[in-house]
>>> print(open('work-v7.txt').read())   # compact mmCIF, C-alpha atoms and all ligand atoms
# COMPACT_ATOMS: atom_id res chain seq x y z
CA MET A 1 106.23 71.79 49.47
CA LEU A 2 102.95 70.89 51.11
CA PRO A 3 100.05 73.21 50.36
CA GLN A 4 99.04 75.29 53.38
CA PRO A 5 96.29 75.03 54.49
CA ALA A 6 95.67 71.35 53.74
CA GLN A 7 92.83 70.67 51.30
CA THR A 8 89.42 69.79 52.76
CA ASN A 9 89.01 66.34 51.22
CA LEU A 10 91.26 63.31 51.32
CA LEU A 11 91.29 59.74 50.14
CA THR A 12 94.09 57.34 50.95
CA VAL A 13 94.36 53.97 49.26
CA VAL A 14 96.81 51.41 50.61
CA ALA A 15 97.67 48.50 48.31
CA ASP A 16 100.13 45.65 47.84
CA LEU A 17 102.10 44.93 44.68
CA GLY A 18 101.57 41.59 42.99
CA ASP A 19 104.42 39.08 43.41
CA ALA A 20 106.19 39.53 40.08
CA VAL A 21 105.44 43.22 39.65
CA ALA A 22 108.42 45.54 39.13
CA ALA A 23 108.04 48.63 41.29
CA GLY A 24 110.10 50.93 39.02
CA PRO A 25 107.89 50.95 35.89
CA LEU A 26 104.70 51.00 37.97
CA LEU A 27 105.84 54.05 39.95
CA ALA A 28 107.04 55.84 36.82
CA GLU A 29 103.63 55.29 35.18
CA LEU A 30 101.77 56.43 38.27
CA GLY A 31 103.98 59.51 38.45
CA GLN A 32 103.27 60.31 34.80
CA ALA A 33 99.53 59.99 35.46
CA VAL A 34 99.86 62.29 38.49
CA LEU A 35 101.52 64.92 36.29
CA THR A 36 98.71 64.93 33.72
CA LEU A 37 95.98 64.74 36.38
CA THR A 38 97.34 67.65 38.42
CA ALA A 39 97.96 69.66 35.21
CA GLY A 40 94.33 69.11 34.20
CA THR A 41 95.34 67.65 30.83
CA ASP A 42 94.23 64.06 31.57
CA ALA A 43 91.07 62.94 29.75
CA ARG A 44 90.23 60.76 32.75
CA LEU A 45 89.33 63.93 34.71
CA LEU A 46 86.24 64.07 32.51
CA GLY A 47 86.62 67.82 32.21
CA LEU A 48 86.76 68.57 35.95
CA PRO A 49 89.29 71.29 36.83
CA PRO A 50 91.85 69.70 39.21
CA GLY A 51 92.13 72.90 41.28
CA ASP A 52 94.54 72.36 44.18
CA LEU A 53 94.72 68.56 43.70
CA THR A 54 97.83 66.91 45.13
CA VAL A 55 98.76 63.24 44.98
CA THR A 56 101.32 61.83 47.37
CA ILE A 57 102.78 58.42 46.62
CA GLY A 58 104.64 56.35 49.19
CA VAL A 59 106.29 52.95 49.20
CA GLY A 60 106.01 50.55 52.10
CA PRO A 61 108.81 48.98 54.16
CA ARG A 62 108.80 45.64 52.29
CA LEU A 63 109.64 47.37 48.98
CA VAL A 64 112.24 49.64 50.58
CA ARG A 65 113.93 46.58 52.14
CA THR A 66 114.29 44.99 48.69
CA ILE A 67 116.60 47.91 47.80
CA ASP A 68 118.45 48.29 51.09
CA PRO A 69 117.24 47.30 54.57
CA SER A 70 119.24 50.14 56.11
CA LEU A 71 117.36 52.87 54.22
CA PRO A 72 114.91 55.17 56.02
CA GLY A 73 111.44 53.71 55.50
CA ALA A 74 112.63 50.09 55.64
CA ALA A 75 111.27 49.41 59.15
CA ASP A 76 107.69 48.29 59.85
CA LEU A 77 105.80 50.07 62.61
CA PRO A 78 105.74 48.05 65.84
CA GLN A 79 102.53 47.26 67.70
CA PHE A 80 101.25 49.65 70.35
CA SER A 81 98.53 49.47 72.97
CA ARG A 82 94.83 49.96 72.20
CA GLU A 83 95.06 48.51 68.70
CA ARG A 84 92.34 46.47 67.02
CA ILE A 85 93.82 46.13 63.57
CA ALA A 86 92.67 43.57 61.00
CA PRO A 87 95.60 41.95 59.13
CA GLN A 88 94.78 43.77 55.88
CA ALA A 89 94.80 47.14 57.67
CA ARG A 90 98.37 46.79 58.93
CA GLY A 91 101.25 47.78 56.63
CA GLY A 92 101.14 47.75 52.84
CA ASP A 93 103.41 48.30 49.82
CA LEU A 94 101.93 51.40 48.23
CA LEU A 95 100.24 54.55 49.49
CA ILE A 96 98.21 56.71 47.14
CA GLN A 97 97.02 59.81 48.95
CA ILE A 98 94.76 62.20 47.09
CA CYS A 99 93.85 65.64 48.48
CA ALA A 100 91.65 68.28 46.87
CA SER A 101 89.32 71.09 47.80
CA ASP A 102 86.79 69.80 45.26
CA ALA A 103 85.25 66.64 46.75
CA LEU A 104 84.42 65.23 43.31
CA VAL A 105 87.99 65.38 42.05
CA VAL A 106 89.11 62.89 44.69
CA PRO A 107 87.26 59.70 43.58
CA ILE A 108 87.81 60.52 39.89
CA VAL A 109 91.56 60.77 40.42
CA ALA A 110 91.55 57.60 42.53
CA ALA A 111 89.74 55.71 39.77
CA ALA A 112 92.24 56.97 37.18
CA LEU A 113 95.29 55.96 39.22
CA LEU A 114 93.89 52.56 40.19
CA ASP A 115 93.00 51.95 36.55
CA GLN A 116 96.56 52.88 35.59
CA ALA A 117 97.95 50.33 38.05
CA GLY A 118 95.41 47.70 36.96
CA ASP A 119 95.90 44.19 38.35
CA ARG A 120 99.51 44.96 39.32
CA ILE A 121 98.25 46.13 42.71
CA HIS A 122 95.77 44.70 45.21
CA GLU A 123 93.94 47.17 47.41
CA ARG A 124 94.16 46.54 51.18
CA TRP A 125 92.19 49.39 52.68
CA ARG A 126 91.09 52.88 51.85
CA GLN A 127 90.01 55.80 53.94
CA SER A 128 88.28 59.06 53.13
CA GLY A 129 88.66 62.04 55.41
CA ARG A 130 87.57 65.64 55.79
CA ARG A 131 88.87 68.71 57.52
CA GLY A 132 86.61 71.29 59.17
CA SER A 133 86.98 75.05 58.86
CA ASN A 134 90.42 76.44 59.46
CA VAL A 135 91.24 78.47 62.55
CA PRO A 136 94.08 81.02 62.25
CA VAL A 137 97.10 80.03 64.39
CA ALA A 138 99.94 82.28 63.26
CA GLN A 139 101.09 84.16 60.18
CA GLY A 140 100.53 81.75 57.28
CA LEU A 141 99.36 78.91 59.54
CA THR A 142 95.86 77.61 60.17
CA ALA A 143 94.53 74.38 61.70
CA PRO A 144 91.08 72.74 61.79
CA ARG A 145 89.19 71.33 64.76
CA ASN A 146 88.90 67.57 65.23
CA LEU A 147 85.81 65.59 66.26
CA LEU A 148 86.59 66.19 69.94
CA GLY A 149 86.21 69.93 69.30
CA PHE A 150 89.91 70.81 69.70
CA ILE A 151 92.10 72.66 67.21
CA ASP A 152 94.51 70.06 65.83
CA GLY A 153 97.77 70.66 63.99
CA ILE A 154 99.20 73.64 65.84
CA VAL A 155 102.69 72.45 66.79
CA GLY A 156 105.05 71.21 64.07
CA PRO A 157 108.03 72.15 61.92
CA ARG A 158 107.18 75.59 60.52
CA THR A 159 110.40 77.34 59.55
CA THR A 160 112.65 76.21 56.72
CA VAL A 161 115.32 75.38 59.28
CA GLU A 162 112.88 73.18 61.25
CA GLU A 163 111.65 71.50 58.06
CA GLN A 164 115.22 70.69 56.98
CA ARG A 165 116.05 69.42 60.47
CA ASP A 166 112.93 67.33 61.20
CA LEU A 167 110.79 66.83 58.09
CA TRP A 168 112.78 66.20 54.92
CA LEU A 169 115.30 63.38 54.57
CA ALA A 170 118.80 64.76 54.02
CA GLY A 171 120.01 61.45 52.59
CA PRO A 172 121.17 58.93 51.53
CA ALA A 173 120.93 60.14 47.93
CA PRO A 174 118.09 57.81 46.71
CA VAL A 175 115.70 59.15 49.37
CA ALA A 176 117.03 62.71 49.82
CA SER A 177 114.23 65.32 50.06
CA GLY A 178 111.65 62.59 50.65
CA THR A 179 110.06 62.00 54.06
CA ILE A 180 108.52 59.24 56.18
CA ALA A 181 104.74 59.12 56.56
CA VAL A 182 102.82 57.43 59.38
CA LEU A 183 99.10 56.69 59.06
CA ARG A 184 97.02 55.60 62.04
CA ARG A 185 93.25 55.33 61.81
CA MET A 186 91.97 56.03 65.31
CA GLU A 187 88.37 55.56 66.38
CA LEU A 188 87.31 58.10 68.99
CA ASP A 189 84.83 57.44 71.78
CA LEU A 190 82.85 60.63 71.22
CA PRO A 191 79.94 59.85 73.60
CA ARG A 192 82.29 59.21 76.53
CA PHE A 193 84.43 62.29 75.83
CA ALA A 194 81.25 64.41 75.66
CA THR A 195 80.29 63.38 79.22
CA LEU A 196 83.40 65.21 80.57
CA SER A 197 83.10 68.83 81.68
CA VAL A 198 84.85 71.35 79.43
CA ALA A 199 87.57 71.74 82.08
CA ASP A 200 88.14 67.97 82.13
CA GLN A 201 88.24 67.84 78.34
CA GLU A 202 90.84 70.63 78.40
CA ALA A 203 92.88 68.70 80.96
CA VAL A 204 93.01 65.73 78.55
CA PHE A 205 94.71 67.86 75.91
CA GLY A 206 96.38 70.59 77.98
CA ARG A 207 94.84 73.33 75.84
CA ARG A 208 91.65 75.43 75.90
CA ARG A 209 88.91 73.97 73.74
CA ALA A 210 87.54 77.29 72.46
CA THR A 211 90.82 79.02 71.64
CA GLY A 212 93.56 76.36 71.50
CA ILE A 213 95.61 78.37 74.04
CA PRO A 214 97.83 76.13 76.25
CA LEU A 215 96.60 75.77 79.86
CA SER A 216 99.87 77.50 80.83
CA GLY A 217 98.62 80.66 79.07
CA GLY A 218 99.87 82.86 76.25
CA THR A 219 98.37 82.66 72.77
CA ILE A 220 97.40 79.70 70.58
CA ALA A 221 100.87 79.89 69.02
CA SER A 222 102.69 79.81 72.40
CA ASP A 223 104.61 76.67 73.24
CA PRO A 224 103.00 74.90 76.24
CA GLU A 225 104.98 75.88 79.36
CA LEU A 226 105.29 72.48 80.95
CA GLY A 227 106.90 73.68 84.21
CA ALA A 228 104.16 76.24 85.00
CA LYS A 229 102.33 75.54 88.28
CA THR A 230 99.35 76.82 90.27
CA PRO A 231 100.08 78.68 93.57
CA ASP A 232 99.41 75.39 95.40
CA GLY A 233 101.99 73.58 93.31
CA ARG A 234 99.93 71.65 90.74
CA TYR A 235 100.96 71.60 87.08
CA LEU A 236 98.79 73.88 84.91
CA ILE A 237 99.28 71.29 82.17
CA PRO A 238 98.53 67.97 83.91
CA ALA A 239 101.10 65.18 83.98
CA ASP A 240 99.00 63.02 81.66
CA ALA A 241 97.88 65.80 79.27
CA HIS A 242 98.38 64.94 75.61
CA VAL A 243 100.50 68.01 74.80
CA ARG A 244 102.88 67.08 77.64
CA ARG A 245 103.16 63.37 76.82
CA ALA A 246 103.61 64.12 73.10
CA HIS A 247 105.91 67.15 73.50
CA SER A 248 109.05 66.76 71.41
CA ASN A 249 111.35 68.03 74.19
CA VAL A 250 109.83 65.65 76.74
CA VAL A 251 110.13 62.68 74.37
CA GLY A 252 113.53 63.80 73.12
CA VAL A 253 112.73 63.72 69.38
CA GLY A 254 112.28 66.19 66.52
CA LEU A 255 109.02 67.81 65.43
CA MET A 256 106.52 65.87 63.34
CA LEU A 257 104.27 67.51 60.77
CA ARG A 258 100.74 66.39 61.67
CA ARG A 259 98.08 66.69 58.98
CA SER A 260 95.25 64.54 60.27
CA TYR A 261 91.79 64.27 58.74
CA SER A 262 88.55 63.58 60.58
CA ILE A 263 86.59 60.51 59.53
CA ASP A 264 83.08 59.19 60.10
CA GLU A 265 83.38 55.80 58.40
CA PRO A 266 83.84 53.04 59.46
CA ALA A 267 83.46 54.86 62.80
CA PRO A 268 83.94 58.47 63.94
CA GLY A 269 87.58 59.33 64.55
CA LEU A 270 90.77 60.63 63.09
CA LEU A 271 93.02 59.50 60.30
CA PHE A 272 96.17 60.57 62.12
CA MET A 273 98.94 61.40 59.68
CA SER A 274 102.41 62.56 60.48
CA PHE A 275 105.46 63.24 58.37
CA GLN A 276 108.97 63.18 59.82
CA ASN A 277 112.50 62.34 58.67
CA ASP A 278 113.07 59.81 61.45
CA ILE A 279 110.53 57.09 62.25
CA ARG A 280 111.61 57.28 65.91
CA THR A 281 110.00 60.71 66.12
CA PHE A 282 106.68 58.87 65.81
CA THR A 283 107.48 55.58 67.58
CA ASN A 284 109.19 57.18 70.59
CA THR A 285 106.33 59.67 70.94
CA LEU A 286 103.63 57.01 70.88
CA THR A 287 105.65 54.81 73.24
CA HIS A 288 105.84 57.76 75.62
CA MET A 289 102.08 58.30 75.29
CA ASP A 290 101.14 54.63 75.72
CA ASN A 291 99.42 53.96 79.06
CA SER A 292 100.02 57.44 80.42
CA ASP A 293 98.39 59.84 77.95
CA ALA A 294 94.87 60.83 79.05
CA LEU A 295 93.76 60.99 75.40
CA LEU A 296 94.55 57.39 74.54
CA GLN A 297 91.71 55.90 76.62
CA PHE A 298 89.30 57.53 74.15
CA THR A 299 90.99 55.94 71.12
CA THR A 300 91.15 52.57 69.39
CA THR A 301 93.55 52.27 66.48
CA THR A 302 92.10 50.24 63.59
CA ALA A 303 94.68 50.74 60.81
CA SER A 304 98.41 51.41 60.86
CA ALA A 305 101.07 51.88 58.20
CA THR A 306 104.27 53.72 57.35
CA PHE A 307 105.60 54.70 53.95
CA LEU A 308 108.64 56.30 52.43
CA ILE A 309 107.36 59.35 50.54
CA LEU A 310 109.45 59.50 47.41
CA PRO A 311 111.39 62.59 46.40
CA GLY A 312 109.77 64.98 43.92
CA PHE A 313 109.65 64.08 40.22
CA ASP A 314 108.99 65.54 36.79
CA GLU A 315 109.00 64.47 33.13
CA GLN A 316 112.79 64.05 33.14
CA HIS A 317 113.06 62.39 36.56
CA PRO A 318 110.35 59.71 36.87
CA LEU A 319 108.73 58.96 40.22
CA GLY A 320 110.73 56.32 42.07
CA ALA A 321 113.69 56.42 39.65
CA THR A 322 116.16 57.27 42.42
CA LEU A 323 115.26 53.99 44.15
CA PHE A 324 113.89 51.46 41.64
CA ARG A 325 115.03 50.70 38.12
C1 LIG B 1 92.94 60.48 67.88
C2 LIG B 1 94.10 60.76 68.33
C3 LIG B 1 94.67 62.16 68.49
C4 LIG B 1 94.06 63.36 68.61
C5 LIG B 1 92.57 63.65 68.60
C6 LIG B 1 95.11 64.36 68.78
C7 LIG B 1 94.90 65.71 68.94
C8 LIG B 1 95.86 66.63 69.28
C9 LIG B 1 95.62 68.00 69.66
C10 LIG B 1 94.25 68.67 69.71
C11 LIG B 1 96.80 68.58 69.95
C12 LIG B 1 97.06 70.01 70.46
C13 LIG B 1 97.18 71.03 69.39
C14 LIG B 1 98.29 70.83 68.40
O1 LIG B 1 99.48 71.08 68.70
O2 LIG B 1 97.98 70.40 67.31
C15 LIG B 1 97.81 67.58 69.72
C16 LIG B 1 99.16 67.78 69.86
C17 LIG B 1 100.10 66.86 69.53
N1 LIG B 1 99.87 65.54 69.18
FE1 LIG B 1 98.11 64.63 69.02
N2 LIG B 1 96.32 63.73 68.74
C18 LIG B 1 96.09 62.38 68.57
C19 LIG B 1 97.03 61.41 68.47
C20 LIG B 1 98.37 61.64 68.41
C21 LIG B 1 99.37 60.65 68.14
C22 LIG B 1 99.11 59.17 67.85
C23 LIG B 1 100.58 61.30 68.16
C24 LIG B 1 101.96 60.75 67.90
C25 LIG B 1 102.38 59.60 68.32
C26 LIG B 1 100.33 62.70 68.45
C27 LIG B 1 101.29 63.67 68.53
C28 LIG B 1 101.07 64.97 68.89
C29 LIG B 1 102.12 65.96 69.06
C30 LIG B 1 103.62 65.74 68.82
C31 LIG B 1 101.51 67.14 69.47
C32 LIG B 1 102.21 68.47 69.79
C33 LIG B 1 102.51 68.51 71.25
C34 LIG B 1 103.16 69.83 71.64
O3 LIG B 1 104.36 69.98 71.42
O4 LIG B 1 102.42 70.73 72.11
N3 LIG B 1 98.99 62.86 68.61
N4 LIG B 1 97.21 66.39 69.33
>>> encode(input="work-v7.txt", output="C-alpha cells", more="lines below")
Ligand code: HEM
Amino acid sequence: MLPQPAQTNLLTVVADLGDAVAAGPLLAELGQAVLTLTAGTDARLLGLPPGDLTVTIGVGPRLVRTIDPSLPGAADLPQFSRERIAPQARGGDLLIQICASDALVVPIVAAALLDQAGDRIHERWRQSGRRGSNVPVAQGLTAPRNLLGFIDGIVGPRTTVEEQRDLWLAGPAPVASGTIAVLRRMELDLPRFATLSVADQEAVFGRRRATGIPLSGGTIASDPELGAKTPDGRYLIPADAHVRRAHSNVVGVGLMLRRSYSIDEPAPGLLFMSFQNDIRTFTNTLTHMDNSDALLQFTTTTASATFLILPGFDEQHPLGATLFR
C-alpha cells in the first residue's frame, strides 16, 4: 500500500545496468538493503531514524523485454508534443524512488543504495521533489498544491475496488500486484501563467484555484460535470480545460494514481508521476491532451520514463525474484 498522504520529500534516481550485469542478484541485494534501511537497522543510516521512509524500485522496459516482450512494462513510452528531452533523460533500466518526511533521510538512503549497486549501474538522471502542505479532499484523502497554485492529486483510484481494477496488475503471475509507473519531468512557464486572471487560470484547469471545486460546482470531491452549461449554452468546464481533456471517461481509460512532486531544479515545474495497471491509461490520456489541452502550452517535458514496479518482497521472497533469477 502507498502511504497516504505522500511524504514531503522525494528523490528519484534513474540508472542503466552495465552490459554483463545480472538483474536478479542486483535487485535481491537492493531489496535486502531497502528492508534494513526502512527498518532502521542499517548502519549506513548513521543513526538517523528512517521514520516513514519508503523506497520504490522499478525496472525499465529493456529489462522486462529480456524476460518476455509481452509482459506489462515491456513497452517504451512514445514521444509526445512539447518535449525537449536529452538522450540520457529518456528511458532507463532502473528506478530508485526514495520518499521520506525527513529531508535528510533521502540523500543518506540514496547514497547507501547507490553504494550497494556500485559500478553495476550507471546513473542517467536524478530528480528531487517536494510537496507543499496538504489540503483535505475527502475522508482519508489530502492533496497538495502545485507551483501553479492548484490542488493536484484529487481524482484517482481511491476504493479497493478501483485500485484492483485500475492500479495493481492482476497478472501474469511474475508481475501480479505490481504496477506501471510513468515519470515525466515537466517545466512550467510560471511567469506566463501568472499573467492570466484568476478566472482564466481556472479555465485552464476547469477547477477553482482557491478551493479545488470543479467549475461545474459541488465540492472539491465532486466529479467534474462535463455536460453542465451556462444559461447561454457555454460549457462551465471549457472544451480545452485540463480536467476535461484528461478525464478518464472522455479518454476511455481507467483511473491513474497521480502522485506528482513540485521541483525547482533544473527549472520550476512538476515531476509528474502516475501509477496504473495499463500503460494506455497514460499514453491515451496524454495523446488526448496533446495539442488541445490548455495546460500543455505552459509545459515543456524534459525527462520521460516508464518502469514496472515490482511486486512486494520480504526476507523469504527477494525483490525481483518473480521475474529474474
Ligand atoms: C505539469 C503538468 C500538469 C499539471 C500541473 C497538472 C495538474 C492537474 C490538476 C491541478 C488537476 C485537477 C485536480 C486533480 O484531479 O488532481 C489535474 C487533473 C488530472 N490530470 Fe493533470 N497535470 C499535469 C499533467 C498531467 C499529465 C501529463 C497527465 C496524464 C497524461 C495528467 C492527468 C490528469 C488526470 C487524469 C486528471 C484528473 C482529471 C479528472 O478526472 O478530473 N495531468 N491535473
>>> residues_around(input="work-v7.txt", residues="segment 111-128 of chain A", least_positions_apart="5", cutoff="6 Å", atoms="only C-alpha atoms", output="number ranges by chain")
A: 10-18, 88
>>> atom_distance(input="work-v7.txt", atom1="atom C14 of ligand LIG 1 (chain B)", atom2="atom CA of Gly227 of chain A")
18.2 Å
>>> closest_residue(input="work-v7.txt", among="A:Leu308, A:Leu323, A:Ala294, A:Val21", to="Asn277 of chain A", atoms="all atoms listed in the file")
A:Leu308
>>> residues_near_ligand(input="work-v7.txt", ligand="ligand LIG 1 (chain B)", cutoff="6 Å", atoms="all atoms listed in the file", output="VMD selection string")
chain A and resid 150 to 155 186 224 243 246 to 248 270 282 285 to 286 299
>>> residues_around(input="work-v7.txt", residues="Ala138 of chain A", least_positions_apart="6", cutoff="10 Å", atoms="all atoms listed in the file", output="mmCIF file with C-alpha atoms, keeping the file's coordinate frame")
data_model
loop_
_atom_site.group_PDB
_atom_site.id
_atom_site.type_symbol
_atom_site.label_atom_id
_atom_site.label_comp_id
_atom_site.auth_asym_id
_atom_site.auth_seq_id
_atom_site.Cartn_x
_atom_site.Cartn_y
_atom_site.Cartn_z
ATOM 1 C CA ILE A 154 99.200 73.640 65.840
ATOM 2 C CA THR A 219 98.370 82.660 72.770
ATOM 3 C CA ILE A 220 97.400 79.700 70.580
ATOM 4 C CA ALA A 221 100.870 79.890 69.020
ATOM 5 C CA SER A 222 102.690 79.810 72.400
#
>>> closest_residue(input="work-v7.txt", among="A:Leu141, A:Met289, A:Val135, A:Leu196", to="Val251 of chain A", atoms="only C-alpha atoms")
A:Met289
>>> closest_residue(input="work-v7.txt", among="A:Thr300, A:Thr306, A:Thr230, A:Ser260", to="Gly132 of chain A", atoms="all atoms listed in the file")
A:Ser260
>>> closest_residue(input="work-v7.txt", among="A:Arg184, A:Gln201, A:Pro172, A:Thr287", to="Ala89 of chain A", atoms="only C-alpha atoms")
A:Arg184
>>> closest_residue(input="work-v7.txt", among="A:Leu94, A:Val253, A:Leu147, A:Val106", to="Leu30 of chain A", atoms="only C-alpha atoms")
A:Leu94
>>> atom_distance(input="work-v7.txt", atom1="atom CA of Leu310 of chain A", atom2="atom CA of Val175 of chain A")
6.6 Å
>>> residues_near_point(input="work-v7.txt", point="(108.2, 76.4, 61.1)", cutoff="12 Å", atoms="only C-alpha atoms", output="PyMOL selection string")
chain A and resi 138-141+154-167+221+255-257
>>> axis_aligned_box(input="work-v7.txt", around="segment 96-100 of chain A", padding_each_side="4 Å", output="lines of an AutoDock Vina configuration file")
center_x = 94.9
center_y = 62.5
center_z = 47.9
size_x = 14.6
size_y = 19.6
size_z = 10.1
>>> closest_residue(input="work-v7.txt", among="A:Gly47, A:Pro5, A:Pro72, A:Gly129", to="Phe272 of chain A", atoms="all atoms listed in the file")
A:Gly129
>>> decode(input="work-v7.txt", residues="segment 44-56 of chain A", atoms="N, CA and C atoms", output="PDB file, in the first residue's frame")
ATOM      1  N   ARG A  44      24.304   2.238   7.681  1.00  0.00           N
ATOM      2  CA  ARG A  44      24.513   3.333   6.725  1.00  0.00           C
ATOM      3  C   ARG A  44      23.547   4.499   6.942  1.00  0.00           C
ATOM      4  N   LEU A  45      22.533   4.309   7.817  1.00  0.00           N
ATOM      5  CA  LEU A  45      21.651   5.436   8.173  1.00  0.00           C
ATOM      6  C   LEU A  45      22.337   6.404   9.132  1.00  0.00           C
ATOM      7  N   LEU A  46      23.489   5.997   9.637  1.00  0.00           N
ATOM      8  CA  LEU A  46      24.266   6.853  10.536  1.00  0.00           C
ATOM      9  C   LEU A  46      23.445   7.310  11.736  1.00  0.00           C
ATOM     10  N   GLY A  47      22.551   6.432  12.183  1.00  0.00           N
ATOM     11  CA  GLY A  47      21.772   6.726  13.378  1.00  0.00           C
ATOM     12  C   GLY A  47      20.490   7.498  13.135  1.00  0.00           C
ATOM     13  N   LEU A  48      20.244   7.945  11.909  1.00  0.00           N
ATOM     14  CA  LEU A  48      19.001   8.694  11.644  1.00  0.00           C
ATOM     15  C   LEU A  48      17.792   7.756  11.702  1.00  0.00           C
ATOM     16  N   PRO A  49      16.726   8.135  12.406  1.00  0.00           N
ATOM     17  CA  PRO A  49      15.512   7.311  12.358  1.00  0.00           C
ATOM     18  C   PRO A  49      14.901   7.393  10.962  1.00  0.00           C
ATOM     19  N   PRO A  50      14.536   6.256  10.350  1.00  0.00           N
ATOM     20  CA  PRO A  50      14.008   6.301   8.981  1.00  0.00           C
ATOM     21  C   PRO A  50      12.609   6.898   8.896  1.00  0.00           C
ATOM     22  N   GLY A  51      11.875   6.920  10.025  1.00  0.00           N
ATOM     23  CA  GLY A  51      10.522   7.487  10.013  1.00  0.00           C
ATOM     24  C   GLY A  51       9.657   6.781   8.985  1.00  0.00           C
ATOM     25  N   ASP A  52       9.001   7.565   8.120  1.00  0.00           N
ATOM     26  CA  ASP A  52       8.074   6.980   7.146  1.00  0.00           C
ATOM     27  C   ASP A  52       8.727   6.696   5.788  1.00  0.00           C
ATOM     28  N   LEU A  53      10.059   6.503   5.807  1.00  0.00           N
ATOM     29  CA  LEU A  53      10.807   6.213   4.568  1.00  0.00           C
ATOM     30  C   LEU A  53      10.156   5.092   3.754  1.00  0.00           C
ATOM     31  N   THR A  54       9.981   5.324   2.453  1.00  0.00           N
ATOM     32  CA  THR A  54       9.639   4.227   1.539  1.00  0.00           C
ATOM     33  C   THR A  54      10.598   4.272   0.360  1.00  0.00           C
ATOM     34  N   VAL A  55      10.921   3.111  -0.164  1.00  0.00           N
ATOM     35  CA  VAL A  55      11.753   3.020  -1.365  1.00  0.00           C
ATOM     36  C   VAL A  55      10.991   2.191  -2.381  1.00  0.00           C
ATOM     37  N   THR A  56      10.827   2.738  -3.555  1.00  0.00           N
ATOM     38  CA  THR A  56      10.108   2.040  -4.618  1.00  0.00           C
ATOM     39  C   THR A  56      11.116   1.740  -5.721  1.00  0.00           C
TER      40      THR A  56
END
